[in-house]
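Chemist: Pasting protein09.txt below, which is compact mmCIF, N, CA and C atoms and all ligand atoms.
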```
# COMPACT_ATOMS: atom_id res chain seq x y z
N MET A 1 -9.97 -74.68 -176.44
CA MET A 1 -10.92 -73.55 -176.46
C MET A 1 -11.75 -73.55 -175.18
N LYS A 2 -11.87 -72.38 -174.58
CA LYS A 2 -12.67 -72.25 -173.35
C LYS A 2 -14.03 -71.66 -173.70
N VAL A 3 -15.09 -72.39 -173.35
CA VAL A 3 -16.44 -71.99 -173.71
C VAL A 3 -17.27 -71.77 -172.45
N VAL A 4 -18.04 -70.68 -172.43
CA VAL A 4 -18.99 -70.45 -171.34
C VAL A 4 -20.40 -70.58 -171.91
N ILE A 5 -21.25 -71.31 -171.21
CA ILE A 5 -22.59 -71.60 -171.73
C ILE A 5 -23.64 -71.25 -170.68
N GLY A 6 -24.80 -70.77 -171.15
CA GLY A 6 -25.89 -70.46 -170.24
C GLY A 6 -27.23 -70.52 -170.96
N CYS A 7 -28.28 -70.72 -170.19
CA CYS A 7 -29.62 -70.84 -170.79
C CYS A 7 -30.67 -70.40 -169.76
N ASP A 8 -31.90 -70.25 -170.23
CA ASP A 8 -33.01 -70.13 -169.28
C ASP A 8 -33.74 -71.48 -169.27
N HIS A 9 -34.86 -71.51 -168.52
CA HIS A 9 -35.60 -72.77 -168.35
C HIS A 9 -36.08 -73.35 -169.69
N ALA A 10 -36.39 -72.46 -170.65
CA ALA A 10 -36.99 -72.90 -171.91
C ALA A 10 -36.02 -73.71 -172.77
N ALA A 11 -34.74 -73.60 -172.49
CA ALA A 11 -33.74 -74.30 -173.31
C ALA A 11 -32.81 -75.15 -172.46
N TYR A 12 -33.24 -75.45 -171.24
CA TYR A 12 -32.38 -76.21 -170.32
C TYR A 12 -31.96 -77.55 -170.93
N ARG A 13 -32.90 -78.24 -171.50
CA ARG A 13 -32.59 -79.58 -172.03
C ARG A 13 -31.57 -79.50 -173.16
N LEU A 14 -31.76 -78.57 -174.07
CA LEU A 14 -30.80 -78.45 -175.19
C LEU A 14 -29.43 -78.00 -174.67
N LYS A 15 -29.43 -77.13 -173.67
CA LYS A 15 -28.13 -76.71 -173.09
C LYS A 15 -27.40 -77.91 -172.51
N GLN A 16 -28.10 -78.77 -171.79
CA GLN A 16 -27.46 -79.96 -171.21
C GLN A 16 -26.86 -80.85 -172.30
N THR A 17 -27.61 -81.01 -173.39
CA THR A 17 -27.15 -81.85 -174.51
C THR A 17 -25.90 -81.26 -175.14
N ILE A 18 -25.90 -79.94 -175.36
CA ILE A 18 -24.75 -79.27 -175.98
C ILE A 18 -23.55 -79.28 -175.06
N LYS A 19 -23.79 -79.05 -173.79
CA LYS A 19 -22.69 -79.05 -172.82
C LYS A 19 -21.97 -80.41 -172.81
N LYS A 20 -22.73 -81.48 -172.73
CA LYS A 20 -22.13 -82.83 -172.72
C LYS A 20 -21.34 -83.06 -174.02
N HIS A 21 -21.92 -82.65 -175.13
CA HIS A 21 -21.28 -82.82 -176.44
C HIS A 21 -19.93 -82.10 -176.48
N LEU A 22 -19.89 -80.89 -175.98
CA LEU A 22 -18.65 -80.11 -176.01
C LEU A 22 -17.59 -80.72 -175.09
N ILE A 23 -18.01 -81.17 -173.92
CA ILE A 23 -17.07 -81.81 -172.98
C ILE A 23 -16.53 -83.09 -173.60
N ASP A 24 -17.41 -83.86 -174.24
CA ASP A 24 -16.97 -85.10 -174.91
C ASP A 24 -15.95 -84.82 -176.02
N LYS A 25 -16.06 -83.63 -176.63
CA LYS A 25 -15.11 -83.25 -177.69
C LYS A 25 -13.78 -82.75 -177.11
N GLY A 26 -13.73 -82.59 -175.79
CA GLY A 26 -12.50 -82.17 -175.15
C GLY A 26 -12.40 -80.68 -174.87
N LEU A 27 -13.47 -79.94 -175.05
CA LEU A 27 -13.44 -78.51 -174.77
C LEU A 27 -13.66 -78.26 -173.28
N GLU A 28 -13.11 -77.13 -172.81
CA GLU A 28 -13.33 -76.71 -171.43
C GLU A 28 -14.62 -75.91 -171.40
N VAL A 29 -15.59 -76.34 -170.60
CA VAL A 29 -16.91 -75.70 -170.60
C VAL A 29 -17.28 -75.22 -169.20
N GLN A 30 -17.60 -73.93 -169.09
CA GLN A 30 -18.11 -73.36 -167.84
C GLN A 30 -19.61 -73.14 -168.01
N ASP A 31 -20.40 -73.76 -167.12
CA ASP A 31 -21.86 -73.65 -167.18
C ASP A 31 -22.31 -72.66 -166.11
N VAL A 32 -22.98 -71.57 -166.53
CA VAL A 32 -23.43 -70.56 -165.56
C VAL A 32 -24.92 -70.69 -165.25
N GLY A 33 -25.54 -71.81 -165.66
CA GLY A 33 -26.95 -72.04 -165.40
C GLY A 33 -27.78 -71.76 -166.65
N ALA A 34 -29.07 -71.95 -166.58
CA ALA A 34 -29.83 -72.47 -165.46
C ALA A 34 -29.49 -73.95 -165.22
N PHE A 35 -29.78 -74.39 -164.00
CA PHE A 35 -29.43 -75.74 -163.63
C PHE A 35 -30.65 -76.65 -163.47
N SER A 36 -31.82 -76.16 -163.88
CA SER A 36 -33.04 -76.97 -163.88
C SER A 36 -34.04 -76.30 -164.81
N GLU A 37 -35.22 -76.90 -164.94
CA GLU A 37 -36.26 -76.32 -165.78
C GLU A 37 -37.16 -75.35 -165.00
N SER A 38 -36.75 -75.00 -163.77
CA SER A 38 -37.50 -73.99 -163.01
C SER A 38 -37.32 -72.64 -163.68
N SER A 39 -38.38 -71.85 -163.67
CA SER A 39 -38.38 -70.57 -164.40
C SER A 39 -37.33 -69.59 -163.86
N VAL A 40 -36.56 -69.03 -164.78
CA VAL A 40 -35.59 -67.98 -164.45
C VAL A 40 -35.74 -66.87 -165.48
N ASP A 41 -35.13 -65.72 -165.22
CA ASP A 41 -35.19 -64.60 -166.15
C ASP A 41 -33.95 -64.61 -167.04
N TYR A 42 -34.17 -64.66 -168.36
CA TYR A 42 -33.03 -64.81 -169.28
C TYR A 42 -31.99 -63.69 -169.17
N PRO A 43 -32.36 -62.43 -168.83
CA PRO A 43 -31.29 -61.42 -168.74
C PRO A 43 -30.22 -61.76 -167.70
N ASP A 44 -30.63 -62.36 -166.59
CA ASP A 44 -29.66 -62.70 -165.53
C ASP A 44 -28.57 -63.63 -166.07
N ILE A 45 -28.97 -64.60 -166.85
CA ILE A 45 -28.01 -65.57 -167.40
C ILE A 45 -27.26 -64.97 -168.58
N GLY A 46 -27.98 -64.27 -169.43
CA GLY A 46 -27.34 -63.65 -170.59
C GLY A 46 -26.21 -62.71 -170.19
N MET A 47 -26.45 -61.95 -169.13
CA MET A 47 -25.42 -61.01 -168.64
C MET A 47 -24.18 -61.75 -168.14
N LYS A 48 -24.39 -62.88 -167.49
CA LYS A 48 -23.23 -63.63 -166.96
C LYS A 48 -22.32 -64.09 -168.09
N VAL A 49 -22.92 -64.64 -169.14
CA VAL A 49 -22.11 -65.13 -170.26
C VAL A 49 -21.50 -63.96 -171.02
N ALA A 50 -22.30 -62.95 -171.32
CA ALA A 50 -21.82 -61.84 -172.15
C ALA A 50 -20.70 -61.06 -171.45
N SER A 51 -20.79 -60.88 -170.15
CA SER A 51 -19.75 -60.13 -169.45
C SER A 51 -18.43 -60.90 -169.48
N LYS A 52 -18.49 -62.22 -169.40
CA LYS A 52 -17.26 -63.03 -169.44
C LYS A 52 -16.61 -62.96 -170.83
N ILE A 53 -17.41 -62.91 -171.86
CA ILE A 53 -16.86 -62.78 -173.22
C ILE A 53 -16.34 -61.35 -173.41
N SER A 54 -17.10 -60.39 -172.97
CA SER A 54 -16.72 -58.98 -173.11
C SER A 54 -15.37 -58.72 -172.46
N ASN A 55 -15.12 -59.37 -171.33
CA ASN A 55 -13.87 -59.16 -170.59
C ASN A 55 -12.74 -60.11 -171.01
N GLY A 56 -13.01 -60.97 -171.98
CA GLY A 56 -11.96 -61.85 -172.50
C GLY A 56 -11.62 -63.04 -171.62
N PHE A 57 -12.53 -63.40 -170.72
CA PHE A 57 -12.24 -64.52 -169.82
C PHE A 57 -12.43 -65.88 -170.51
N TYR A 58 -13.24 -65.91 -171.57
CA TYR A 58 -13.48 -67.13 -172.33
C TYR A 58 -13.36 -66.83 -173.82
N ASP A 59 -13.07 -67.86 -174.62
CA ASP A 59 -12.93 -67.67 -176.06
C ASP A 59 -14.29 -67.50 -176.74
N ARG A 60 -15.23 -68.31 -176.34
CA ARG A 60 -16.55 -68.29 -176.97
C ARG A 60 -17.65 -68.49 -175.93
N GLY A 61 -18.85 -68.00 -176.27
CA GLY A 61 -20.00 -68.20 -175.41
C GLY A 61 -21.15 -68.81 -176.20
N ILE A 62 -21.98 -69.56 -175.50
CA ILE A 62 -23.21 -70.09 -176.11
C ILE A 62 -24.36 -69.76 -175.17
N LEU A 63 -25.41 -69.15 -175.72
CA LEU A 63 -26.58 -68.78 -174.95
C LEU A 63 -27.83 -69.38 -175.59
N LEU A 64 -28.74 -69.82 -174.76
CA LEU A 64 -29.97 -70.41 -175.26
C LEU A 64 -31.16 -69.92 -174.45
N CYS A 65 -32.24 -69.59 -175.14
CA CYS A 65 -33.53 -69.36 -174.48
C CYS A 65 -34.59 -69.96 -175.40
N GLY A 66 -35.85 -69.63 -175.18
CA GLY A 66 -36.90 -70.28 -175.98
C GLY A 66 -36.73 -70.01 -177.47
N THR A 67 -36.62 -68.74 -177.82
CA THR A 67 -36.45 -68.37 -179.23
C THR A 67 -35.01 -68.01 -179.57
N GLY A 68 -34.25 -67.61 -178.57
CA GLY A 68 -32.91 -67.04 -178.79
C GLY A 68 -32.95 -65.53 -178.87
N LEU A 69 -34.13 -64.97 -179.01
CA LEU A 69 -34.24 -63.51 -179.21
C LEU A 69 -33.81 -62.71 -177.98
N GLY A 70 -34.38 -63.06 -176.83
CA GLY A 70 -34.06 -62.30 -175.63
C GLY A 70 -32.58 -62.36 -175.30
N MET A 71 -32.00 -63.54 -175.38
CA MET A 71 -30.57 -63.69 -175.07
C MET A 71 -29.71 -62.88 -176.03
N SER A 72 -30.06 -62.85 -177.30
CA SER A 72 -29.23 -62.10 -178.25
C SER A 72 -29.35 -60.60 -177.99
N MET A 73 -30.55 -60.14 -177.62
CA MET A 73 -30.72 -58.72 -177.31
C MET A 73 -29.87 -58.30 -176.12
N VAL A 74 -29.86 -59.13 -175.10
CA VAL A 74 -29.05 -58.84 -173.90
C VAL A 74 -27.57 -58.86 -174.25
N ALA A 75 -27.12 -59.93 -174.89
CA ALA A 75 -25.68 -60.12 -175.11
C ALA A 75 -25.09 -59.01 -175.97
N ASN A 76 -25.83 -58.56 -176.97
CA ASN A 76 -25.26 -57.57 -177.89
C ASN A 76 -25.18 -56.16 -177.30
N ARG A 77 -25.60 -55.98 -176.07
CA ARG A 77 -25.40 -54.69 -175.39
C ARG A 77 -24.02 -54.57 -174.79
N PHE A 78 -23.27 -55.68 -174.78
CA PHE A 78 -21.93 -55.66 -174.16
C PHE A 78 -20.86 -55.35 -175.19
N VAL A 79 -19.92 -54.49 -174.80
CA VAL A 79 -18.78 -54.14 -175.65
C VAL A 79 -17.99 -55.42 -175.99
N ASN A 80 -17.53 -55.50 -177.21
CA ASN A 80 -16.72 -56.64 -177.71
C ASN A 80 -17.53 -57.91 -177.94
N VAL A 81 -18.82 -57.86 -177.68
CA VAL A 81 -19.64 -59.06 -177.92
C VAL A 81 -20.29 -58.96 -179.29
N ARG A 82 -20.15 -60.04 -180.05
CA ARG A 82 -20.85 -60.18 -181.33
C ARG A 82 -21.66 -61.47 -181.23
N ALA A 83 -22.88 -61.33 -180.73
CA ALA A 83 -23.75 -62.48 -180.52
C ALA A 83 -24.61 -62.71 -181.75
N ALA A 84 -24.63 -63.95 -182.22
CA ALA A 84 -25.37 -64.28 -183.44
C ALA A 84 -26.44 -65.32 -183.13
N LEU A 85 -27.69 -64.91 -183.37
CA LEU A 85 -28.81 -65.85 -183.22
C LEU A 85 -28.90 -66.68 -184.49
N CYS A 86 -28.56 -67.94 -184.39
CA CYS A 86 -28.46 -68.81 -185.57
C CYS A 86 -29.24 -70.10 -185.33
N ASN A 87 -30.46 -70.12 -185.77
CA ASN A 87 -31.23 -71.35 -185.68
C ASN A 87 -31.15 -72.15 -186.98
N ASP A 88 -30.19 -71.79 -187.83
CA ASP A 88 -29.92 -72.57 -189.05
C ASP A 88 -28.42 -72.65 -189.26
N LEU A 89 -28.00 -73.65 -190.00
CA LEU A 89 -26.58 -73.94 -190.19
C LEU A 89 -25.87 -72.86 -190.99
N PHE A 90 -26.48 -72.39 -192.05
CA PHE A 90 -25.84 -71.40 -192.91
C PHE A 90 -25.49 -70.13 -192.13
N SER A 91 -26.45 -69.65 -191.35
CA SER A 91 -26.20 -68.43 -190.56
C SER A 91 -25.06 -68.64 -189.57
N ALA A 92 -25.02 -69.83 -188.97
CA ALA A 92 -23.95 -70.10 -187.99
C ALA A 92 -22.58 -70.05 -188.65
N VAL A 93 -22.46 -70.67 -189.80
CA VAL A 93 -21.17 -70.67 -190.52
C VAL A 93 -20.81 -69.25 -190.94
N MET A 94 -21.76 -68.54 -191.51
CA MET A 94 -21.47 -67.18 -191.98
C MET A 94 -21.19 -66.21 -190.83
N SER A 95 -21.81 -66.46 -189.68
CA SER A 95 -21.56 -65.58 -188.54
C SER A 95 -20.11 -65.71 -188.06
N ARG A 96 -19.49 -66.85 -188.32
CA ARG A 96 -18.07 -67.01 -188.00
C ARG A 96 -17.21 -66.43 -189.12
N ARG A 97 -17.49 -66.80 -190.37
CA ARG A 97 -16.65 -66.37 -191.48
C ARG A 97 -16.63 -64.85 -191.64
N HIS A 98 -17.78 -64.22 -191.55
CA HIS A 98 -17.88 -62.80 -191.87
C HIS A 98 -17.99 -61.89 -190.65
N ASN A 99 -18.55 -62.39 -189.56
CA ASN A 99 -18.83 -61.53 -188.41
C ASN A 99 -17.97 -61.86 -187.19
N ASP A 100 -17.18 -62.92 -187.27
CA ASP A 100 -16.37 -63.34 -186.13
C ASP A 100 -17.22 -63.39 -184.85
N SER A 101 -18.40 -63.99 -184.97
CA SER A 101 -19.30 -64.05 -183.81
C SER A 101 -18.58 -64.75 -182.65
N ASN A 102 -18.73 -64.20 -181.47
CA ASN A 102 -18.09 -64.83 -180.30
C ASN A 102 -19.12 -65.40 -179.32
N ILE A 103 -20.39 -65.14 -179.57
CA ILE A 103 -21.45 -65.84 -178.82
C ILE A 103 -22.45 -66.39 -179.83
N LEU A 104 -22.72 -67.68 -179.72
CA LEU A 104 -23.76 -68.33 -180.52
C LEU A 104 -25.03 -68.37 -179.68
N VAL A 105 -26.15 -67.93 -180.26
CA VAL A 105 -27.42 -67.97 -179.55
C VAL A 105 -28.37 -68.92 -180.29
N LEU A 106 -29.02 -69.76 -179.51
CA LEU A 106 -29.93 -70.77 -180.08
C LEU A 106 -31.29 -70.71 -179.39
N GLY A 107 -32.31 -71.07 -180.13
CA GLY A 107 -33.66 -71.13 -179.58
C GLY A 107 -34.05 -72.57 -179.28
N GLY A 108 -34.16 -72.89 -178.02
CA GLY A 108 -34.47 -74.26 -177.61
C GLY A 108 -35.87 -74.70 -177.98
N ARG A 109 -36.76 -73.70 -178.25
CA ARG A 109 -38.12 -74.05 -178.67
C ARG A 109 -38.26 -73.97 -180.19
N VAL A 110 -37.14 -73.69 -180.86
CA VAL A 110 -37.18 -73.54 -182.31
C VAL A 110 -36.53 -74.72 -183.02
N ILE A 111 -35.42 -75.19 -182.47
CA ILE A 111 -34.68 -76.27 -183.13
C ILE A 111 -34.62 -77.51 -182.24
N GLY A 112 -34.37 -78.65 -182.85
CA GLY A 112 -34.22 -79.91 -182.12
C GLY A 112 -32.76 -80.16 -181.79
N ASP A 113 -32.53 -81.25 -181.06
CA ASP A 113 -31.17 -81.58 -180.60
C ASP A 113 -30.19 -81.80 -181.75
N ALA A 114 -30.61 -82.56 -182.77
CA ALA A 114 -29.68 -82.92 -183.84
C ALA A 114 -29.20 -81.68 -184.58
N LEU A 115 -30.13 -80.80 -184.93
CA LEU A 115 -29.73 -79.57 -185.63
C LEU A 115 -28.91 -78.69 -184.70
N GLY A 116 -29.29 -78.63 -183.44
CA GLY A 116 -28.54 -77.81 -182.48
C GLY A 116 -27.08 -78.23 -182.41
N LEU A 117 -26.84 -79.53 -182.35
CA LEU A 117 -25.46 -80.03 -182.27
C LEU A 117 -24.70 -79.77 -183.57
N GLU A 118 -25.40 -79.90 -184.70
CA GLU A 118 -24.76 -79.64 -186.00
C GLU A 118 -24.35 -78.17 -186.08
N ILE A 119 -25.22 -77.28 -185.63
CA ILE A 119 -24.92 -75.85 -185.65
C ILE A 119 -23.74 -75.54 -184.74
N VAL A 120 -23.75 -76.11 -183.55
CA VAL A 120 -22.66 -75.86 -182.59
C VAL A 120 -21.32 -76.32 -183.16
N ASP A 121 -21.29 -77.52 -183.72
CA ASP A 121 -20.02 -78.05 -184.29
C ASP A 121 -19.51 -77.13 -185.40
N ALA A 122 -20.38 -76.74 -186.30
CA ALA A 122 -19.96 -75.88 -187.42
C ALA A 122 -19.47 -74.53 -186.89
N TRP A 123 -20.16 -74.01 -185.91
CA TRP A 123 -19.81 -72.69 -185.35
C TRP A 123 -18.47 -72.74 -184.63
N ILE A 124 -18.23 -73.83 -183.90
CA ILE A 124 -16.95 -73.98 -183.19
C ILE A 124 -15.80 -74.11 -184.19
N GLU A 125 -16.03 -74.82 -185.27
CA GLU A 125 -14.93 -75.18 -186.17
C GLU A 125 -14.67 -74.16 -187.30
N THR A 126 -15.61 -73.27 -187.56
CA THR A 126 -15.44 -72.36 -188.70
C THR A 126 -14.59 -71.15 -188.32
N PRO A 127 -13.50 -70.89 -189.08
CA PRO A 127 -12.66 -69.72 -188.77
C PRO A 127 -13.22 -68.42 -189.34
N PHE A 128 -12.76 -67.31 -188.78
CA PHE A 128 -13.08 -65.98 -189.29
C PHE A 128 -12.21 -65.72 -190.52
N GLU A 129 -12.78 -65.13 -191.55
CA GLU A 129 -12.02 -64.90 -192.79
C GLU A 129 -11.20 -63.61 -192.75
N ALA A 130 -11.48 -62.74 -191.80
CA ALA A 130 -10.74 -61.46 -191.65
C ALA A 130 -10.77 -60.66 -192.96
N GLY A 131 -9.65 -60.02 -193.35
CA GLY A 131 -9.63 -59.20 -194.57
C GLY A 131 -10.66 -58.09 -194.50
N ARG A 132 -11.49 -57.97 -195.53
CA ARG A 132 -12.48 -56.89 -195.57
C ARG A 132 -13.49 -57.00 -194.42
N HIS A 133 -13.64 -58.21 -193.90
CA HIS A 133 -14.59 -58.38 -192.79
C HIS A 133 -14.03 -57.80 -191.50
N GLN A 134 -12.70 -57.86 -191.34
CA GLN A 134 -12.09 -57.23 -190.16
C GLN A 134 -12.27 -55.71 -190.24
N ARG A 135 -12.09 -55.14 -191.44
CA ARG A 135 -12.28 -53.70 -191.61
C ARG A 135 -13.70 -53.29 -191.18
N ARG A 136 -14.66 -54.11 -191.51
CA ARG A 136 -16.05 -53.81 -191.14
C ARG A 136 -16.26 -53.93 -189.63
N LEU A 137 -15.65 -54.93 -189.04
CA LEU A 137 -15.78 -55.07 -187.58
C LEU A 137 -15.11 -53.91 -186.86
N ASP A 138 -14.01 -53.43 -187.44
CA ASP A 138 -13.32 -52.29 -186.81
C ASP A 138 -14.25 -51.08 -186.72
N GLN A 139 -15.18 -50.98 -187.64
CA GLN A 139 -16.11 -49.85 -187.64
C GLN A 139 -17.08 -49.91 -186.45
N PHE A 140 -17.20 -51.07 -185.84
CA PHE A 140 -18.07 -51.18 -184.65
C PHE A 140 -17.60 -50.22 -183.56
N ASP A 141 -16.28 -49.96 -183.53
CA ASP A 141 -15.73 -49.09 -182.49
C ASP A 141 -16.30 -47.68 -182.59
N LYS A 142 -16.80 -47.32 -183.77
CA LYS A 142 -17.35 -45.98 -183.96
C LYS A 142 -18.81 -45.89 -183.54
N LEU A 143 -19.40 -47.05 -183.23
CA LEU A 143 -20.82 -47.05 -182.89
C LEU A 143 -21.06 -46.34 -181.57
N GLY A 144 -21.98 -45.42 -181.57
CA GLY A 144 -22.31 -44.72 -180.33
C GLY A 144 -23.73 -45.05 -179.93
N ASN A 145 -24.50 -44.03 -179.68
CA ASN A 145 -25.87 -44.27 -179.23
C ASN A 145 -26.90 -44.09 -180.36
N GLY A 146 -26.43 -44.18 -181.59
CA GLY A 146 -27.35 -44.07 -182.71
C GLY A 146 -27.18 -42.80 -183.51
N ASP A 147 -26.44 -41.80 -182.95
CA ASP A 147 -26.18 -40.58 -183.71
C ASP A 147 -25.20 -40.92 -184.83
N SER A 148 -25.35 -40.26 -185.98
CA SER A 148 -24.39 -40.55 -187.05
C SER A 148 -23.26 -39.55 -187.01
C1 LIG B 1 -39.42 -67.71 -171.74
O1 LIG B 1 -40.77 -68.01 -171.67
C2 LIG B 1 -39.09 -67.05 -173.07
O2 LIG B 1 -39.68 -65.78 -173.12
C3 LIG B 1 -37.60 -66.95 -173.27
O3 LIG B 1 -37.05 -68.21 -173.20
C4 LIG B 1 -37.10 -66.36 -174.56
O4 LIG B 1 -37.69 -66.99 -175.66
C5 LIG B 1 -37.12 -64.90 -174.65
O5 LIG B 1 -36.69 -64.29 -175.64
```
Turn the structure described in the file into structure tokens.
Modeler:
Amino acid sequence: MKVVIGCDHAAYRLKQTIKKHLIDKGLEVQDVGAFSESSVDYPDIGMKVASKISNGFYDRGILLCGTGLGMSMVANRFVNVRAALCNDLFSAVMSRRHNDSNILVLGGRVIGDALGLEIVDAWIETPFEAGRHQRRLDQFDKLGNGDS
């Protein structure tokens, strides 16, 4: 599995921990930054990861900022991106089973390392259930600018 990961300064430490964990598990990981705790703007990084997922260059993406909110807002503007902000295990598992999430978003100021790694492992390993959930995802193609 090819994974692209990115963060802002607020989640740099957790990103480093997750990146090492994924590499140790044998996954191919592309890190698009940030590369230090110096302040950066989360949209710049969120766009890099989301565009790579949107274009099919990577299987999955992981984005982190302080809360996860800004990164998820940015990522979900991209076609084909289903970014799920999951600071708990249940949401992470369900985002795979029912939503086929392709970007996991985490809040580095919300969760600790141990929970973060548990969420990442569950999210990587949980398959999409398809069936009625695929039918619902297919309806995303009809989404426009809010008009019904
Ligand atoms: C940075 O201070 C913070 O605003 C950012 O990491 C994120 O939480 C935004 O949603």
Chemist: To one decimal in Å, tell me the separation between atom N of Gln30 of chain A and atom N of Val4 of chain A.
Modeler: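 Value for the atom N of Gln30 of chain A-atom N of Val4 of chain A distance: 4.7 Å.
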Chemist: Can you tell me which residues sit at most 6.5 Å away from ligand LIG 1 (chain B), counting all atoms listed in the file, written as a VMD selection string?
Modeler: chain A and resid 8 to 11 42 64 to 71
Chemist: For those residues, write N, CA and C atoms to a file as a short mmCIF file (atom, residue, chain, number, x, y, z; two decimals), in the frame of the given file.
Modeler:
```cif
data_model
loop_
_atom_site.label_atom_id
_atom_site.label_comp_id
_atom_site.auth_asym_id
_atom_site.auth_seq_id
_atom_site.Cartn_x
_atom_site.Cartn_y
_atom_site.Cartn_z
N ASP A 8 -31.90 -70.25 -170.23
CA ASP A 8 -33.01 -70.13 -169.28
C ASP A 8 -33.74 -71.48 -169.27
N HIS A 9 -34.86 -71.51 -168.52
CA HIS A 9 -35.60 -72.77 -168.35
C HIS A 9 -36.08 -73.35 -169.69
N ALA A 10 -36.39 -72.46 -170.65
CA ALA A 10 -36.99 -72.90 -171.91
C ALA A 10 -36.02 -73.71 -172.77
N ALA A 11 -34.74 -73.60 -172.49
CA ALA A 11 -33.74 -74.30 -173.31
C ALA A 11 -32.81 -75.15 -172.46
N TYR A 42 -34.17 -64.66 -168.36
CA TYR A 42 -33.03 -64.81 -169.28
C TYR A 42 -31.99 -63.69 -169.17
N LEU A 64 -28.74 -69.82 -174.76
CA LEU A 64 -29.97 -70.41 -175.26
C LEU A 64 -31.16 -69.92 -174.45
N CYS A 65 -32.24 -69.59 -175.14
CA CYS A 65 -33.53 -69.36 -174.48
C CYS A 65 -34.59 -69.96 -175.40
N GLY A 66 -35.85 -69.63 -175.18
CA GLY A 66 -36.90 -70.28 -175.98
C GLY A 66 -36.73 -70.01 -177.47
N THR A 67 -36.62 -68.74 -177.82
CA THR A 67 -36.45 -68.37 -179.23
C THR A 67 -35.01 -68.01 -179.57
N GLY A 68 -34.25 -67.61 -178.57
CA GLY A 68 -32.91 -67.04 -178.79
C GLY A 68 -32.95 -65.53 -178.87
N LEU A 69 -34.13 -64.97 -179.01
CA LEU A 69 -34.24 -63.51 -179.21
C LEU A 69 -33.81 -62.71 -177.98
N GLY A 70 -34.38 -63.06 -176.83
CA GLY A 70 -34.06 -62.30 -175.63
C GLY A 70 -32.58 -62.36 -175.30
N MET A 71 -32.00 -63.54 -175.38
CA MET A 71 -30.57 -63.69 -175.07
C MET A 71 -29.71 -62.88 -176.03
#
```
Chemist: Got a sec: who's within 10 Å of segment 97-107 of chain A, counting only C-alpha atoms, leaving out chain neighbours fewer than 5 positions off, as a PyMOL selection string?
Modeler: chain A and resi 3-7+10-11+14-15+46+49-50+53-54+58-72+75-76+80-88+91-92+112+116+119-120+123-124+126-134+136-137
Chemist: Please report the interatomic distance between atom CA of Ser51 of chain A and atom CA of Leu115 of chain A in Å with one decimal.
Modeler: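 Interatomic distance, atom CA of Ser51 of chain A to atom CA of Leu115 of chain A: 27.2 Å.
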Chemist: Please measure the separation of atom C of Lys48 of chain A and atom N of Phe35 of chain A, giving the value in Å to one decimal.
Modeler: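 Interatomic distance here is 13.4 Å.
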Chemist: Write out as a PyMOL selection string all residues of segment 4-140 of chain A that DSSP puts in strand (DSSP E or B) for this structure's backbone.
Modeler: chain A and resi 4-7+28-31+60-65+83-85+103-107
Chemist: Write out as number ranges by chain the set of residues from chain A that DSSP, computed on the backbone, places in helix (DSSP H, G or I).
Modeler: A: 9-24, 42-54, 69-75, 89-97, 113-125, 132-142
Chemist: Leu89 of chain A: which residues within 7 Å, counting all atoms listed in the file, same-chain residues fewer than 4 positions away excluded, as a list of chain:residue names?
Modeler: A:Val93, A:Met94, A:Glu118, A:Ile119
Chemist: Just write segment 97-108 of chain A with N, CA and C atoms, as a PDB file, in the first residue's frame, taken from the block above.
Modeler:
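Ended up saving to result_39.pdb:
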```
ATOM      1  N   ARG A  97     -15.339   0.997   6.776  1.00  0.00           N
ATOM      2  CA  ARG A  97     -16.389   0.031   6.453  1.00  0.00           C
ATOM      3  C   ARG A  97     -17.507   0.646   5.627  1.00  0.00           C
ATOM      4  N   HIS A  98     -17.956   1.829   6.010  1.00  0.00           N
ATOM      5  CA  HIS A  98     -19.149   2.408   5.391  1.00  0.00           C
ATOM      6  C   HIS A  98     -18.853   3.525   4.398  1.00  0.00           C
ATOM      7  N   ASN A  99     -17.764   4.241   4.583  1.00  0.00           N
ATOM      8  CA  ASN A  99     -17.498   5.424   3.761  1.00  0.00           C
ATOM      9  C   ASN A  99     -16.308   5.256   2.821  1.00  0.00           C
ATOM     10  N   ASP A 100     -15.599   4.146   2.937  1.00  0.00           N
ATOM     11  CA  ASP A 100     -14.407   3.932   2.112  1.00  0.00           C
ATOM     12  C   ASP A 100     -13.489   5.163   2.155  1.00  0.00           C
ATOM     13  N   SER A 101     -13.277   5.680   3.353  1.00  0.00           N
ATOM     14  CA  SER A 101     -12.446   6.884   3.487  1.00  0.00           C
ATOM     15  C   SER A 101     -11.066   6.610   2.892  1.00  0.00           C
ATOM     16  N   ASN A 102     -10.569   7.573   2.137  1.00  0.00           N
ATOM     17  CA  ASN A 102      -9.229   7.398   1.553  1.00  0.00           C
ATOM     18  C   ASN A 102      -8.202   8.367   2.141  1.00  0.00           C
ATOM     19  N   ILE A 103      -8.665   9.286   2.973  1.00  0.00           N
ATOM     20  CA  ILE A 103      -7.731  10.100   3.764  1.00  0.00           C
ATOM     21  C   ILE A 103      -8.194  10.062   5.220  1.00  0.00           C
ATOM     22  N   LEU A 104      -7.270   9.714   6.102  1.00  0.00           N
ATOM     23  CA  LEU A 104      -7.514   9.765   7.547  1.00  0.00           C
ATOM     24  C   LEU A 104      -6.970  11.090   8.062  1.00  0.00           C
ATOM     25  N   VAL A 105      -7.784  11.815   8.823  1.00  0.00           N
ATOM     26  CA  VAL A 105      -7.333  13.082   9.397  1.00  0.00           C
ATOM     27  C   VAL A 105      -7.323  12.953  10.921  1.00  0.00           C
ATOM     28  N   LEU A 106      -6.236  13.420  11.515  1.00  0.00           N
ATOM     29  CA  LEU A 106      -6.065  13.319  12.967  1.00  0.00           C
ATOM     30  C   LEU A 106      -5.702  14.681  13.552  1.00  0.00           C
ATOM     31  N   GLY A 107      -6.086  14.888  14.792  1.00  0.00           N
ATOM     32  CA  GLY A 107      -5.746  16.113  15.502  1.00  0.00           C
ATOM     33  C   GLY A 107      -4.602  15.870  16.470  1.00  0.00           C
ATOM     34  N   GLY A 108      -3.458  16.429  16.161  1.00  0.00           N
ATOM     35  CA  GLY A 108      -2.269  16.216  16.989  1.00  0.00           C
ATOM     36  C   GLY A 108      -2.369  16.843  18.361  1.00  0.00           C
TER      37      GLY A 108
END
```
